[in-house]
Number of protein chains: 2
Amino acid sequence: MGVARRRSAAGTRWSVFEPSSQHGDVDKKIVASLERLSQVFRILLRGEAQERGLSPIQAQFLVHLLHHGAALRRVSQLAREFDLTRATVSDAVGSLEKKGLIRRELWPHDKRVTTLRLTPTGEHTAQELAAWANVIEEHLKDRSAEEKEAVMRFLMDLIGCLQKSGLITVARMCVTCRFFRPDAHPGESSSHHCALLDVPLSGSDLRADCPEHKLAAS
Amino acid sequence: MGVARRRSAAGTRWSVFEPSSQHGDVDKKIVASLERLSQVFRILLRGEAQERGLSPIQAQFLVHLLHHGAALRRVSQLAREFDLTRATVSDAVGSLEKKGLIRRELWPHDKRVTTLRLTPTGEHTAQELAAWANVIEEHLKDRSAEEKEAVMRFLMDLIGCLQKSGLITVARMCVTCRFFRPDAHPGESSSHHCALLDVPLSGSDLRADCPEHKLAAS
DNA sequence: CTATATTGTTAGGATTCCTAACAACGTGGC
DNA sequence: GCCACGTTGTTAGGAATCCTAACAATATAG
């Protein structure tokens, strides 16, 4: 996911000391929680990668290649997604190729680009890595479906906001997609609609990373 | 935040292709959203740090030092929090000292430990860095207080679960604290209670990173 | 008081990630 | 056509992260 570098904001203090603070610093606590979870994800990823002799970024590349079509499996695309230079991506890709986890292939329509493809070994490793998310999911089982759907919407809306504000440059979620028709079927259980696949979507069908995504004209 | 390295789980497939999937993969989408936000945070942090000539980990150290008391401002504590070796922390701390952002001081009670203290310059930088969270917070303003509190509870509960399951080794949230008395004042608006500070706590008072935290006996 | 554990430091090395320069290829104007 | 320009991917060189291993100094337990 690409993120636009931005200018620094002036510093408002953030106090953790007095409880019973009246003003709505629930916001701060949400951000703090997300920050902690971010840290957890980072460290888990590092551990998972290390166990397989990979760097974190290499592991992320494998999972990305597993989930996306040929058009998104290119060096410059990975650079955009992960906000790295092409040089860095090329390094990591070279390392993955040396380890026998991916192959570089030619792209017929444009001889400059090389498409990346997982080898069977690489696909196996990528699936193992993708499964780490199950660890988190197990802790969500006991929640009610309504609560989870609300949280999901909240998080996806947040990502959408960040994208609209220019902080994120790549997101590929339904809510920002050109083909997304919110509330196209009012009253029904699947009230939204994807105009590309021509299928109705329920709130829980919304995708966080759709392979077919086309950004809406802003 | 410390995170325990863990064994890899067997891989269940994760499909992004068919919409209208009936089974509860809301869970997967929550995790995917958190993962994306994690990536956003990581990249924003990197950018903020770079603008000030710091590495991401150095920036995180500065913010940690800003928010915590002397007992938590030590090399080994930073290593636990961020799941790094003491050697790595020592490197980064040395770099920060060389840049004039922190000072090492002696700890009277134990001559082995050195306490870290921000210089005025360092404190200023740390406050700037801590303010990056405001960018995210601005996008939360339009949400209802109830929704945000629900999301906050959800996220903090999740962190609590991860901690109880041994994935996270450090968390310092009220809900896992020895002095936390949930629902000590049933019916009132501030229904919980902190037995250390002896103050009532409302749902929105719960802390994500309390300086006074003492882990409950498990 | 001696064995053991903890704290922080150094040295050396693998890896990440950058900038800069480069070659190869598409795309536009003329 | 063809020449300028942008894009794609690669290489080389360097700063920084983060590790293991070994070390000295101090605290703690038996």
# chains A, B, ... in the order shown; residues from 1 in each chain; ligands from 1
$ interface_residues --of "chain A" --to "chain C" --cutoff "9 Å" --atoms "only C-alpha atoms (C1' of nucleotides)" --output "PyMOL selection string"
chain A and resi 55+57+84-85+87-88+92+110-112
$ write_last_selection --atoms "C-alpha atoms" --output "PDB file, in the first residue's frame"
ATOM      1  CA  SER A  55      12.928 -10.708   5.464  1.00  0.00           C
ATOM      2  CA  ILE A  57       9.346  -7.389   3.074  1.00  0.00           C
ATOM      3  CA  LEU A  84       9.558   1.482  -1.749  1.00  0.00           C
ATOM      4  CA  THR A  85      11.865   2.389  -4.597  1.00  0.00           C
ATOM      5  CA  ALA A  87      15.683  -0.595  -6.625  1.00  0.00           C
ATOM      6  CA  THR A  88      14.710  -1.954  -3.232  1.00  0.00           C
ATOM      7  CA  ALA A  92      14.170  -8.299  -2.644  1.00  0.00           C
ATOM      8  CA  ASP A 110       5.538  -4.640 -23.041  1.00  0.00           C
ATOM      9  CA  LYS A 111       9.045  -5.993 -23.167  1.00  0.00           C
ATOM     10  CA  ARG A 112      10.212  -3.712 -20.396  1.00  0.00           C
TER      11      ARG A 112
END
$ interface_residues --of "chain D" --to "chain A" --cutoff "8 Å" --atoms "only C-alpha atoms (C1' of nucleotides)" --output "number ranges by chain"
D: 8-10
$ write_last_selection --atoms "N, CA and C atoms (P, O5', C5', C4', C3', O3' and C1' of nucleotides)" --output "short mmCIF file (atom, residue, chain, number, x, y, z; two decimals), in the first residue's frame"
data_model
loop_
_atom_site.label_atom_id
_atom_site.label_comp_id
_atom_site.auth_asym_id
_atom_site.auth_seq_id
_atom_site.Cartn_x
_atom_site.Cartn_y
_atom_site.Cartn_z
P DT D 8 6.19 2.52 -15.05
"O5'" DT D 8 7.28 1.44 -15.44
"C5'" DT D 8 7.04 0.52 -16.49
"C4'" DT D 8 8.25 -0.37 -16.65
"C3'" DT D 8 8.68 -1.04 -15.34
"O3'" DT D 8 8.54 -2.44 -15.43
"C1'" DT D 8 10.54 -0.08 -16.52
P DG D 9 8.60 -3.27 -14.06
"O5'" DG D 9 10.16 -3.55 -13.91
"C5'" DG D 9 10.78 -4.47 -14.81
"C4'" DG D 9 12.28 -4.30 -14.76
"C3'" DG D 9 12.95 -4.73 -13.45
"O3'" DG D 9 13.72 -5.89 -13.69
"C1'" DG D 9 13.85 -2.69 -14.31
P DT D 10 14.46 -6.56 -12.46
"O5'" DT D 10 15.96 -6.01 -12.55
"C5'" DT D 10 16.70 -6.29 -13.73
"C4'" DT D 10 17.98 -5.47 -13.73
"C3'" DT D 10 18.88 -5.72 -12.51
"O3'" DT D 10 19.93 -6.59 -12.90
"C1'" DT D 10 18.75 -3.39 -13.12
#
$ select_by_dssp --residues "segment 19-132 of chain B" --states "alpha helix (DSSP H)" --output "PyMOL selection string"
chain B and resi 26-51+56-67+75-82+86-98+120-130
$ closest_residue --among "A:Ala79, A:Thr121, A:Arg153, A:Ala131" --to "chain B" --atoms "only C-alpha atoms"
A:Ala131
$ residues_around --residues "Leu72 of chain B" --least-positions-apart "6" --cutoff "9 Å" --atoms "only C-alpha atoms (C1' of nucleotides)" --output "VMD selection string"
chain B and resid 64 to 65 78 115 211
$ write_last_selection --atoms "C-alpha atoms" --output "PDB file, in the first residue's frame"
ATOM      1  CA  HIS B  64       8.203   6.143  24.369  1.00  0.00           C
ATOM      2  CA  LEU B  65      10.588   8.173  26.506  1.00  0.00           C
ATOM      3  CA  LEU B  78      12.920  -0.727  25.468  1.00  0.00           C
ATOM      4  CA  THR B 115      18.218   5.745  32.752  1.00  0.00           C
ATOM      5  CA  PRO B 211       2.236   4.187  33.421  1.00  0.00           C
TER       6      PRO B 211
END
$ atom_distance --atom1 "atom CA of Ile43 of chain A" --atom2 "atom CA of Gly94 of chain B"
22.9 Å
$ closest_residue --among "A:Leu101, A:Val26, A:Ala59, A:Leu54" --to "chain B" --atoms "only C-alpha atoms"
A:Val26
$ residues_around --residues "Ala133 of chain A" --least-positions-apart "3" --cutoff "8 Å" --atoms "only C-alpha atoms (C1' of nucleotides)" --output "list of chain:residue names"
A:Ala130, A:Ile136, A:Glu137, B:Lys28, B:Val31
